[in-house]
There are 2 protein chains.
Amino acid sequence: MPSKATSPADWARIARDRQATPTKPPGSLGVLEEIACRLAGMQRTETPVASPARVIVAAGDHGFVHRGVSPYPQAVTGQMVANFAGGGAAINALARAAGASVEVLVVGLANAAPEVPAREGVRVVHAQVALGTADAVEGPAMSPAQFDAAWSVGADAIDRAADEGVAVVALGEMGIGNTTAAAAVTAGLLDRPAEQVTGVGTGADAAMRARKVAVVEAMIARHGPQRSPLEWLRRVGGLEMAALAGAADRAHARGIAVVADGFISTAAIAAAVRARPQVAEVVFAGHRSSEPGHDVLLAALGLQPLLDLGLRLGEGSGAAAALPLLRAACAVHGEMATFASAGVERGS
Amino acid sequence: MPSKATSPADWARIARDRQATPTKPPGSLGVLEEIACRLAGMQRTETPVASPARVIVAAGDHGFVHRGVSPYPQAVTGQMVANFAGGGAAINALARAAGASVEVLVVGLANAAPEVPAREGVRVVHAQVALGTADAVEGPAMSPAQFDAAWSVGADAIDRAADEGVAVVALGEMGIGNTTAAAAVTAGLLDRPAEQVTGVGTGADAAMRARKVAVVEAMIARHGPQRSPLEWLRRVGGLEMAALAGAADRAHARGIAVVADGFISTAAIAAAVRARPQVAEVVFAGHRSSEPGHDVLLAALGLQPLLDLGLRLGEGSGAAAALPLLRAACAVHGEMATFASAGVERGS
């Protein structure tokens with residue numbers, strides 16, 4: 001461990017050198033080797049870890065949902081927050097399976113969540129900034145003060161995680177209607193037509209999807225021409241997305257790995273990355289969702305998703321499902337015998 | 001739980017019905033939902049499990065390796081068996097990370113493995129059938145008796161696993177030169193040219209890969225025309241592959257899920273499936289390796305790999321890395337709240 005290693009790039013190089021000695025053909029563990037080297041850089045160590053892990057789920061509502069863009073009523077956002085607290089949602093099961101804790105950031109509910117005592121391993125942070133966003137078809141979704149406050153809720157969650165020794169966070173969200181917001185964010189960030197980045201979300205039929213496209217087009221018409229990434233996020237995004245963007249930004253500062261979930265999570269992280277490109281250094285793509293806009297975002301960010309299983313649930317589900325791969329990468333990186341110690345001959 | 005459910009298909013249907021009630025949009029967990037339904041069918045239960053899991057690694061040597069088809073000396077097969085026993089190989093780290101035990105089937109080593117006491121969580125089964133295969137360029141790799149004995153070593157491993165309550169096995173292998181054997185098996189099973197199914201294995205250069213192709217072509221010339229799947233496996237496969245084929249076949253009989261690893265593991269399983277198509281019911285593809293022949297096999301078997309991370313190590317590494325996905329599938333399937341119990345409204 002040379003004492004002059006200081007930068008993440010130095011540590012990633014040291015980790016790469018280490019991978020030449022264990023008992024395996026060079027490079028034969030593919031992406032798992034890359035994961036370990038990237039984590040080594042973030043953690044400034046030769047032997048990175050992927051535990052403890054935490055799933056952070058930010059929840060917020062959207063002012064445009066009266067326009068008929070989701071098959072679910074808005075009350076479901078709060079009801080699902082209660083479900084997260086009680087441990088009964090998909091993300092709870094996936095987090096438990098991955099050995100990760102869950103922290104729910106209540107940042108923009110239109111309707112109060114039913115009171116449910118938090119189950120073990122779950123923390124609910126009440127940090128309401130507003131009762132949802134304003135209707136972005138008519139004006140900015142958030143005021144500058146609201147955007148900054150929501151951003152800070154996410155950044156604070158990362159500081160808390162860092163102080164508690166968390167190495168990896170999966171970033172998820174809950175918010176009825178938020179695939180439409182993510183489509184608007186993506187369209188503006190990447191200068192793509194609404195049609196290309198708008199999907200069926202939780203189950204829109206053709207007519208509903210057409211309304212989604214029209215709503216995204218209306219937002220673009222209202223807020224264009226293109227603005228800075230964070231100003232665009234403030235105008236058409238959601239409070240939960242602002243929180244996730246703030247989380248990704250702070251994660252870079254604290255050397256914590258971020259696993260992006262699906263379309264909404266990745267759109268929020270993309271805004272943070274476009275605002276400050278170094279943030280990309282800590283970002284992994286947990287999976288490729290079935291939303292068409294997600295693929296566009298992954299390509300723009302140069303991210304190869306770890307999983308591709310047709311998930312389209314959100315909540316951090318695809319990111320949580322990918323957490324064991326980070327752990328596997330650290331295990332093979334840190335625990336293997338060397339050719340010399342195991343008495344195994346090298347190849348020619 | 002209707003008392004008249006008897007077949008795996010009945011149970012898979014009951015599990016599918018169950019997936020309509022938890023708090024998530026229908027189908028939104030994609031492949032994870034399919035995994036749970038398939039496991040439900042195999043286990044004849046509404047709520048399947050993916051634990052305990054075991055990685056079975058069969059090790060054997062090949063009579064054609066003097067033809068220059070691997071950068072590693074043949075002694076490495078036995079040395080790696082000792083490394084597996086001591087817990088220092090990649091598969092040990094990955095199995096530990098996945099909470100799986102490891103069982104090594106020593107079925108065809110040309111050189112005795114150095115004696116190493118088995119580490120906790122590892123069992124080494126000494127079941128040598130022969131000191132490796134005969135050179136398949138000149139005659140059958142195994143005699144009928146050897147093939148049957150190796151097959152039984154794998155089948156017995158499954159009986160042991162079933163008796164010990166194991167729900168899922170990852171099937172891996174070790175054998176210097178065995179990507180060449182897998183290419184010959186694949187070429188014959190699927191009637192493909194050697195050129196299409198022969199890759200670089202653990203790191204062949206262009207000249208070595210050309211020798212691999214020539215060896216595969218020589219085997220095809222010696223043993224063709226096409227024979228039954230198991231007769232073809234006996235003639236050009238390996239003792240470790242015969243053991244894995246026997247394991248897959250018996251796993252179907254015992255209702256144990258099989259996670260195929262890469263090229264060699266999948267070639268062996270493909271022979272078992274071609275011989276008895278029902279075996280396919282219990283097979284998952286852990287990953288897509290970077291060997292070109294693996295892709296051909298996956299397509300022929302109609303298997304979608306769970307991971308695609310550029311792994312090409314063998315040992316069961318890709319299958320072990322996929323085990324947490326089976327566990328995640330069972331967790332979301334079995335642990336989620338329903339819309340009614342969580343007080344969450346359904347979509348329209």
# chains A, B, ... in the order shown; residues from 1 in each chain; ligands from 1
>>> residues_around(residues="Ile264 of chain B", least_positions_apart="5", cutoff="7 Å", atoms="only C-alpha atoms", output="list in words")
Asn178, Thr179 and Ala182 of chain B
>>> closest_atom_pairs(of="chain B", to="chain A", cutoff="7 Å", atoms="only C-alpha atoms", output="JSON lines")
{"residue": "B:Thr23", "atom": "CA", "partner": "A:Ala89", "partner_atom": "CA", "distance": 6.3}
{"residue": "B:Lys24", "atom": "CA", "partner": "A:Leu313", "partner_atom": "CA", "distance": 7.0}
{"residue": "B:Pro25", "atom": "CA", "partner": "A:Thr202", "partner_atom": "CA", "distance": 5.8}
{"residue": "B:Ser28", "atom": "CA", "partner": "A:Arg312", "partner_atom": "CA", "distance": 4.9}
{"residue": "B:Leu29", "atom": "CA", "partner": "A:Leu311", "partner_atom": "CA", "distance": 4.7}
{"residue": "B:Gly30", "atom": "CA", "partner": "A:Gly310", "partner_atom": "CA", "distance": 4.6}
{"residue": "B:Val31", "atom": "CA", "partner": "A:Leu309", "partner_atom": "CA", "distance": 5.2}
{"residue": "B:Pro71", "atom": "CA", "partner": "A:Gly347", "partner_atom": "CA", "distance": 4.9}
{"residue": "B:Tyr72", "atom": "CA", "partner": "A:Gly347", "partner_atom": "CA", "distance": 4.2}
{"residue": "B:Val76", "atom": "CA", "partner": "A:Val344", "partner_atom": "CA", "distance": 6.1}
{"residue": "B:Gln79", "atom": "CA", "partner": "A:Val344", "partner_atom": "CA", "distance": 5.4}
{"residue": "B:Met80", "atom": "CA", "partner": "A:Val344", "partner_atom": "CA", "distance": 6.7}
{"residue": "B:Asn83", "atom": "CA", "partner": "A:Ala342", "partner_atom": "CA", "distance": 5.9}
{"residue": "B:Gly88", "atom": "CA", "partner": "A:Ala337", "partner_atom": "CA", "distance": 4.5}
{"residue": "B:Ala89", "atom": "CA", "partner": "A:Met336", "partner_atom": "CA", "distance": 5.5}
{"residue": "B:Ala90", "atom": "CA", "partner": "A:Val332", "partner_atom": "CA", "distance": 5.5}
{"residue": "B:Ala93", "atom": "CA", "partner": "A:Val332", "partner_atom": "CA", "distance": 5.3}
{"residue": "B:Leu94", "atom": "CA", "partner": "A:Ala328", "partner_atom": "CA", "distance": 5.6}
{"residue": "B:Ala97", "atom": "CA", "partner": "A:Ala328", "partner_atom": "CA", "distance": 5.7}
{"residue": "B:Thr202", "atom": "CA", "partner": "A:Pro25", "partner_atom": "CA", "distance": 5.8}
{"residue": "B:Leu307", "atom": "CA", "partner": "A:Leu307", "partner_atom": "CA", "distance": 6.3}
{"residue": "B:Leu309", "atom": "CA", "partner": "A:Val31", "partner_atom": "CA", "distance": 5.2}
{"residue": "B:Gly310", "atom": "CA", "partner": "A:Gly30", "partner_atom": "CA", "distance": 4.6}
{"residue": "B:Leu311", "atom": "CA", "partner": "A:Leu29", "partner_atom": "CA", "distance": 4.7}
{"residue": "B:Arg312", "atom": "CA", "partner": "A:Ser28", "partner_atom": "CA", "distance": 4.9}
{"residue": "B:Leu313", "atom": "CA", "partner": "A:Ser28", "partner_atom": "CA", "distance": 5.1}
{"residue": "B:Ala321", "atom": "CA", "partner": "A:Leu325", "partner_atom": "CA", "distance": 6.8}
{"residue": "B:Pro324", "atom": "CA", "partner": "A:Pro324", "partner_atom": "CA", "distance": 6.5}
{"residue": "B:Leu325", "atom": "CA", "partner": "A:Ala321", "partner_atom": "CA", "distance": 6.8}
{"residue": "B:Arg327", "atom": "CA", "partner": "A:Ala97", "partner_atom": "CA", "distance": 6.7}
{"residue": "B:Ala328", "atom": "CA", "partner": "A:Leu94", "partner_atom": "CA", "distance": 5.7}
{"residue": "B:Ala331", "atom": "CA", "partner": "A:Ala93", "partner_atom": "CA", "distance": 5.4}
{"residue": "B:Val332", "atom": "CA", "partner": "A:Ala93", "partner_atom": "CA", "distance": 5.2}
{"residue": "B:Glu335", "atom": "CA", "partner": "A:Ala93", "partner_atom": "CA", "distance": 6.1}
{"residue": "B:Met336", "atom": "CA", "partner": "A:Gly88", "partner_atom": "CA", "distance": 4.8}
{"residue": "B:Ala337", "atom": "CA", "partner": "A:Gly88", "partner_atom": "CA", "distance": 4.5}
{"residue": "B:Ala342", "atom": "CA", "partner": "A:Asn83", "partner_atom": "CA", "distance": 5.9}
{"residue": "B:Gly343", "atom": "CA", "partner": "A:Gln79", "partner_atom": "CA", "distance": 6.8}
{"residue": "B:Val344", "atom": "CA", "partner": "A:Gln79", "partner_atom": "CA", "distance": 5.4}
{"residue": "B:Glu345", "atom": "CA", "partner": "A:Val76", "partner_atom": "CA", "distance": 6.1}
{"residue": "B:Arg346", "atom": "CA", "partner": "A:Tyr72", "partner_atom": "CA", "distance": 6.5}
{"residue": "B:Gly347", "atom": "CA", "partner": "A:Tyr72", "partner_atom": "CA", "distance": 4.2}
{"residue": "B:Ser348", "atom": "CA", "partner": "A:Pro71", "partner_atom": "CA", "distance": 5.1}
>>> write_last_selection(atoms="N, CA and C atoms", output="compact mmCIF listing (two decimals), in the first residue's frame")
# COMPACT_ATOMS: atom_id res chain seq x y z
N THR B 23 -48.76 -5.38 -2.97
CA THR B 23 -48.79 -3.95 -3.28
C THR B 23 -47.74 -3.57 -4.32
N LYS B 24 -48.05 -3.88 -5.58
CA LYS B 24 -47.21 -3.49 -6.71
C LYS B 24 -48.06 -3.56 -7.96
N PRO B 25 -47.74 -2.77 -8.97
CA PRO B 25 -48.45 -2.89 -10.25
C PRO B 25 -48.25 -4.30 -10.82
N SER B 28 -44.90 -5.88 -12.50
CA SER B 28 -43.85 -4.86 -12.43
C SER B 28 -42.52 -5.39 -11.91
N LEU B 29 -42.50 -6.64 -11.43
CA LEU B 29 -41.21 -7.19 -11.00
C LEU B 29 -40.61 -8.15 -12.02
N GLY B 30 -41.18 -8.13 -13.23
CA GLY B 30 -40.55 -8.79 -14.37
C GLY B 30 -40.08 -10.21 -14.12
N VAL B 31 -38.83 -10.43 -14.42
CA VAL B 31 -38.26 -11.77 -14.33
C VAL B 31 -38.31 -12.31 -12.90
N PRO B 71 -3.64 -22.21 -21.87
CA PRO B 71 -2.40 -21.62 -21.37
C PRO B 71 -1.98 -22.16 -20.01
N TYR B 72 -2.81 -22.98 -19.38
CA TYR B 72 -2.49 -23.49 -18.04
C TYR B 72 -2.08 -24.94 -18.09
N VAL B 76 -2.99 -27.77 -12.81
CA VAL B 76 -3.79 -26.72 -12.17
C VAL B 76 -5.18 -27.24 -11.76
N GLN B 79 -4.65 -28.59 -8.40
CA GLN B 79 -4.27 -27.49 -7.51
C GLN B 79 -5.48 -26.63 -7.17
N MET B 80 -6.36 -26.43 -8.14
CA MET B 80 -7.56 -25.63 -7.88
C MET B 80 -8.54 -26.38 -6.98
N ASN B 83 -7.41 -25.59 -3.74
CA ASN B 83 -7.77 -24.19 -3.46
C ASN B 83 -9.25 -24.09 -3.09
N GLY B 88 -10.06 -20.59 -0.89
CA GLY B 88 -9.39 -19.41 -1.43
C GLY B 88 -9.71 -19.07 -2.87
N ALA B 89 -10.60 -19.84 -3.50
CA ALA B 89 -10.91 -19.59 -4.92
C ALA B 89 -12.05 -18.59 -5.05
N ALA B 90 -12.21 -18.08 -6.26
CA ALA B 90 -13.29 -17.12 -6.52
C ALA B 90 -14.65 -17.72 -6.12
N ALA B 93 -15.39 -17.38 -2.43
CA ALA B 93 -15.78 -16.02 -2.02
C ALA B 93 -17.21 -15.72 -2.48
N LEU B 94 -17.53 -16.12 -3.71
CA LEU B 94 -18.87 -15.84 -4.23
C LEU B 94 -19.93 -16.66 -3.49
N ALA B 97 -20.46 -15.06 -0.16
CA ALA B 97 -21.25 -13.83 -0.31
C ALA B 97 -22.72 -14.15 -0.54
N THR B 202 -9.81 -19.48 -21.08
CA THR B 202 -9.17 -18.72 -20.00
C THR B 202 -8.13 -17.73 -20.52
N LEU B 307 -27.77 -12.80 -15.49
CA LEU B 307 -26.71 -11.79 -15.44
C LEU B 307 -25.96 -11.79 -16.77
N LEU B 309 -22.42 -10.11 -17.30
CA LEU B 309 -21.38 -9.26 -16.71
C LEU B 309 -19.99 -9.58 -17.23
N GLY B 310 -19.94 -10.28 -18.37
CA GLY B 310 -18.63 -10.54 -18.98
C GLY B 310 -17.76 -11.50 -18.17
N LEU B 311 -18.37 -12.37 -17.37
CA LEU B 311 -17.59 -13.36 -16.61
C LEU B 311 -17.18 -14.49 -17.54
N ARG B 312 -15.99 -15.03 -17.29
CA ARG B 312 -15.53 -16.19 -18.07
C ARG B 312 -14.57 -17.02 -17.23
N LEU B 313 -14.93 -17.19 -15.95
CA LEU B 313 -14.05 -17.89 -15.02
C LEU B 313 -14.43 -19.35 -14.86
N ALA B 321 -23.11 -15.98 -8.50
CA ALA B 321 -23.42 -14.55 -8.46
C ALA B 321 -24.91 -14.29 -8.68
N PRO B 324 -28.40 -14.72 -5.40
CA PRO B 324 -29.20 -13.73 -4.66
C PRO B 324 -30.46 -13.28 -5.41
N LEU B 325 -30.46 -13.40 -6.73
CA LEU B 325 -31.66 -13.01 -7.48
C LEU B 325 -32.80 -14.00 -7.23
N ARG B 327 -33.13 -15.63 -4.49
CA ARG B 327 -33.57 -15.33 -3.12
C ARG B 327 -34.44 -14.08 -3.10
N ALA B 328 -34.04 -13.06 -3.87
CA ALA B 328 -34.84 -11.83 -3.94
C ALA B 328 -36.23 -12.13 -4.50
N ALA B 331 -38.26 -13.63 -1.83
CA ALA B 331 -38.58 -12.67 -0.78
C ALA B 331 -39.75 -11.79 -1.20
N VAL B 332 -39.71 -11.21 -2.38
CA VAL B 332 -40.83 -10.36 -2.79
C VAL B 332 -42.09 -11.19 -2.96
N GLU B 335 -43.13 -12.26 0.98
CA GLU B 335 -43.14 -11.38 2.16
C GLU B 335 -43.95 -10.11 2.01
N MET B 336 -44.47 -9.84 0.80
CA MET B 336 -45.12 -8.54 0.62
C MET B 336 -46.52 -8.49 1.22
N ALA B 337 -46.91 -7.28 1.66
CA ALA B 337 -48.28 -7.03 2.10
C ALA B 337 -49.20 -7.02 0.88
N ALA B 342 -52.41 -3.69 3.60
CA ALA B 342 -51.62 -2.47 3.78
C ALA B 342 -52.46 -1.20 3.63
N GLY B 343 -53.74 -1.34 3.26
CA GLY B 343 -54.57 -0.16 3.08
C GLY B 343 -54.14 0.71 1.92
N VAL B 344 -53.70 0.07 0.84
CA VAL B 344 -53.27 0.80 -0.35
C VAL B 344 -54.33 0.62 -1.44
N GLU B 345 -54.71 1.73 -2.09
CA GLU B 345 -55.72 1.65 -3.14
C GLU B 345 -55.13 1.06 -4.41
N ARG B 346 -55.97 0.33 -5.16
CA ARG B 346 -55.53 -0.26 -6.42
C ARG B 346 -55.67 0.74 -7.56
N GLY B 347 -54.93 0.47 -8.62
CA GLY B 347 -55.05 1.29 -9.82
C GLY B 347 -56.33 0.96 -10.58
N SER B 348 -56.67 1.85 -11.50
CA SER B 348 -57.90 1.65 -12.28
C SER B 348 -57.59 0.88 -13.55
>>> residues_around(residues="segment 10-14 of chain A", least_positions_apart="4", cutoff="6 Å", atoms="only C-alpha atoms", output="list in words")
Ala5, Cys37, Arg38, Ala40, Gly41 and Arg44 of chain A
>>> write_last_selection(atoms="N, CA and C atoms", output="CSV table (one decimal), in the first residue's frame")
chain,number,residue,atom,x,y,z
A,5,ALA,N,-0.3,7.2,-2.3
A,5,ALA,CA,-1.6,7.1,-3.0
A,5,ALA,C,-2.6,8.1,-2.3
A,37,CYS,N,-12.8,-2.2,-8.4
A,37,CYS,CA,-11.8,-1.1,-8.5
A,37,CYS,C,-12.5,0.3,-8.4
A,38,ARG,N,-13.7,0.4,-8.9
A,38,ARG,CA,-14.4,1.7,-8.7
A,38,ARG,C,-14.6,2.0,-7.2
A,40,ALA,N,-12.9,0.8,-4.7
A,40,ALA,CA,-11.6,1.0,-4.1
A,40,ALA,C,-11.3,2.5,-4.2
A,41,GLY,N,-11.5,3.1,-5.4
A,41,GLY,CA,-11.3,4.5,-5.6
A,41,GLY,C,-12.1,5.4,-4.7
A,44,ARG,N,-11.0,4.9,-1.2
A,44,ARG,CA,-9.5,5.2,-1.0
A,44,ARG,C,-8.9,4.0,-0.1
>>> residues_around(residues="segment 269-278 of chain B", least_positions_apart="2", cutoff="7 Å", atoms="only C-alpha atoms", output="PyMOL selection string")
chain B and resi 229-230+233+244-245+248-249+265-267+280-281
>>> write_last_selection(atoms="all heavy atoms", output="PDB file, in the first residue's frame")
ATOM      1  N   PRO B 229     -27.720 -37.506 -27.648  1.00  0.00           N
ATOM      2  CA  PRO B 229     -27.049 -36.479 -26.838  1.00  0.00           C
ATOM      3  C   PRO B 229     -26.082 -37.057 -25.809  1.00  0.00           C
ATOM      4  O   PRO B 229     -24.953 -36.564 -25.675  1.00  0.00           O
ATOM      5  CB  PRO B 229     -28.213 -35.752 -26.155  1.00  0.00           C
ATOM      6  CG  PRO B 229     -29.381 -35.968 -27.060  1.00  0.00           C
ATOM      7  CD  PRO B 229     -29.187 -37.314 -27.673  1.00  0.00           C
ATOM      8  N   LEU B 230     -26.470 -38.102 -25.122  1.00  0.00           N
ATOM      9  CA  LEU B 230     -25.591 -38.619 -24.079  1.00  0.00           C
ATOM     10  C   LEU B 230     -24.435 -39.427 -24.658  1.00  0.00           C
ATOM     11  O   LEU B 230     -23.327 -39.430 -24.097  1.00  0.00           O
ATOM     12  CB  LEU B 230     -26.392 -39.437 -23.060  1.00  0.00           C
ATOM     13  CG  LEU B 230     -27.494 -38.636 -22.335  1.00  0.00           C
ATOM     14  CD1 LEU B 230     -28.108 -39.481 -21.230  1.00  0.00           C
ATOM     15  CD2 LEU B 230     -26.975 -37.320 -21.788  1.00  0.00           C
ATOM     16  N   LEU B 233     -21.995 -36.813 -25.612  1.00  0.00           N
ATOM     17  CA  LEU B 233     -21.311 -36.312 -24.406  1.00  0.00           C
ATOM     18  C   LEU B 233     -20.244 -37.310 -23.955  1.00  0.00           C
ATOM     19  O   LEU B 233     -19.141 -36.910 -23.553  1.00  0.00           O
ATOM     20  CB  LEU B 233     -22.339 -36.075 -23.297  1.00  0.00           C
ATOM     21  CG  LEU B 233     -21.826 -35.474 -21.988  1.00  0.00           C
ATOM     22  CD1 LEU B 233     -21.246 -34.076 -22.200  1.00  0.00           C
ATOM     23  CD2 LEU B 233     -22.945 -35.404 -20.946  1.00  0.00           C
ATOM     24  N   LEU B 244     -22.110 -33.288 -14.174  1.00  0.00           N
ATOM     25  CA  LEU B 244     -23.076 -32.175 -14.145  1.00  0.00           C
ATOM     26  C   LEU B 244     -24.362 -32.539 -14.889  1.00  0.00           C
ATOM     27  O   LEU B 244     -25.458 -32.141 -14.480  1.00  0.00           O
ATOM     28  CB  LEU B 244     -22.456 -30.905 -14.742  1.00  0.00           C
ATOM     29  CG  LEU B 244     -21.268 -30.321 -13.968  1.00  0.00           C
ATOM     30  CD1 LEU B 244     -20.829 -29.005 -14.614  1.00  0.00           C
ATOM     31  CD2 LEU B 244     -21.596 -30.108 -12.492  1.00  0.00           C
ATOM     32  N   ALA B 245     -24.233 -33.276 -15.964  1.00  0.00           N
ATOM     33  CA  ALA B 245     -25.435 -33.725 -16.688  1.00  0.00           C
ATOM     34  C   ALA B 245     -26.263 -34.637 -15.794  1.00  0.00           C
ATOM     35  O   ALA B 245     -27.498 -34.506 -15.712  1.00  0.00           O
ATOM     36  CB  ALA B 245     -25.030 -34.435 -17.982  1.00  0.00           C
ATOM     37  N   ALA B 248     -28.065 -32.471 -13.227  1.00  0.00           N
ATOM     38  CA  ALA B 248     -29.237 -31.757 -13.753  1.00  0.00           C
ATOM     39  C   ALA B 248     -30.407 -32.710 -13.912  1.00  0.00           C
ATOM     40  O   ALA B 248     -31.550 -32.385 -13.564  1.00  0.00           O
ATOM     41  CB  ALA B 248     -28.882 -31.107 -15.094  1.00  0.00           C
ATOM     42  N   ASP B 249     -30.119 -33.900 -14.426  1.00  0.00           N
ATOM     43  CA  ASP B 249     -31.184 -34.883 -14.635  1.00  0.00           C
ATOM     44  C   ASP B 249     -31.834 -35.265 -13.305  1.00  0.00           C
ATOM     45  O   ASP B 249     -33.064 -35.273 -13.173  1.00  0.00           O
ATOM     46  CB  ASP B 249     -30.589 -36.116 -15.315  1.00  0.00           C
ATOM     47  CG  ASP B 249     -31.662 -37.131 -15.659  1.00  0.00           C
ATOM     48  OD1 ASP B 249     -32.356 -36.909 -16.662  1.00  0.00           O
ATOM     49  OD2 ASP B 249     -31.801 -38.125 -14.925  1.00  0.00           O
ATOM     50  N   SER B 265     -20.647 -25.723 -18.104  1.00  0.00           N
ATOM     51  CA  SER B 265     -21.792 -26.155 -17.299  1.00  0.00           C
ATOM     52  C   SER B 265     -23.042 -26.229 -18.156  1.00  0.00           C
ATOM     53  O   SER B 265     -23.798 -27.215 -18.107  1.00  0.00           O
ATOM     54  CB  SER B 265     -21.957 -25.155 -16.148  1.00  0.00           C
ATOM     55  OG  SER B 265     -23.206 -25.262 -15.535  1.00  0.00           O
ATOM     56  N   THR B 266     -23.266 -25.230 -18.981  1.00  0.00           N
ATOM     57  CA  THR B 266     -24.477 -25.200 -19.797  1.00  0.00           C
ATOM     58  C   THR B 266     -24.436 -26.266 -20.885  1.00  0.00           C
ATOM     59  O   THR B 266     -25.469 -26.863 -21.227  1.00  0.00           O
ATOM     60  CB  THR B 266     -24.668 -23.796 -20.409  1.00  0.00           C
ATOM     61  OG1 THR B 266     -24.631 -22.822 -19.354  1.00  0.00           O
ATOM     62  CG2 THR B 266     -26.006 -23.683 -21.129  1.00  0.00           C
ATOM     63  N   ALA B 267     -23.255 -26.549 -21.426  1.00  0.00           N
ATOM     64  CA  ALA B 267     -23.139 -27.616 -22.436  1.00  0.00           C
ATOM     65  C   ALA B 267     -23.512 -28.963 -21.822  1.00  0.00           C
ATOM     66  O   ALA B 267     -24.228 -29.766 -22.434  1.00  0.00           O
ATOM     67  CB  ALA B 267     -21.716 -27.649 -23.000  1.00  0.00           C
ATOM     68  N   ALA B 280     -35.404 -29.385 -18.559  1.00  0.00           N
ATOM     69  CA  ALA B 280     -35.366 -27.928 -18.747  1.00  0.00           C
ATOM     70  C   ALA B 280     -36.233 -27.188 -17.736  1.00  0.00           C
ATOM     71  O   ALA B 280     -35.973 -26.020 -17.429  1.00  0.00           O
ATOM     72  CB  ALA B 280     -35.805 -27.575 -20.169  1.00  0.00           C
ATOM     73  N   GLU B 281     -37.256 -27.874 -17.213  1.00  0.00           N
ATOM     74  CA  GLU B 281     -38.171 -27.208 -16.270  1.00  0.00           C
ATOM     75  C   GLU B 281     -37.460 -26.674 -15.031  1.00  0.00           C
ATOM     76  O   GLU B 281     -37.920 -25.701 -14.426  1.00  0.00           O
ATOM     77  CB  GLU B 281     -39.263 -28.202 -15.824  1.00  0.00           C
ATOM     78  CG  GLU B 281     -40.219 -28.602 -16.930  1.00  0.00           C
ATOM     79  CD  GLU B 281     -41.090 -29.800 -16.540  1.00  0.00           C
ATOM     80  OE1 GLU B 281     -41.080 -30.212 -15.365  1.00  0.00           O
ATOM     81  OE2 GLU B 281     -41.776 -30.320 -17.437  1.00  0.00           O
TER      82      GLU B 281
END
>>> select_by_dssp(residues="segment 55-257 of chain B", states="strand (DSSP E or B)", output="list of chain:residue names")
B:Val55, B:Ile56, B:Val57, B:Ala58, B:Ala59, B:Gly60, B:Ala100, B:Ser101, B:Val102, B:Glu103, B:Val104, B:Leu105, B:Val106, B:Val107, B:Gly108, B:Val122, B:Arg123, B:Val124, B:Val125, B:His126, B:Val168, B:Val169, B:Ala170, B:Leu171, B:Gly172, B:Glu173, B:Met174, B:Ala257
>>> select_by_dssp(residues="segment 92-279 of chain B", states="alpha helix (DSSP H)", output="count of residues only")
99
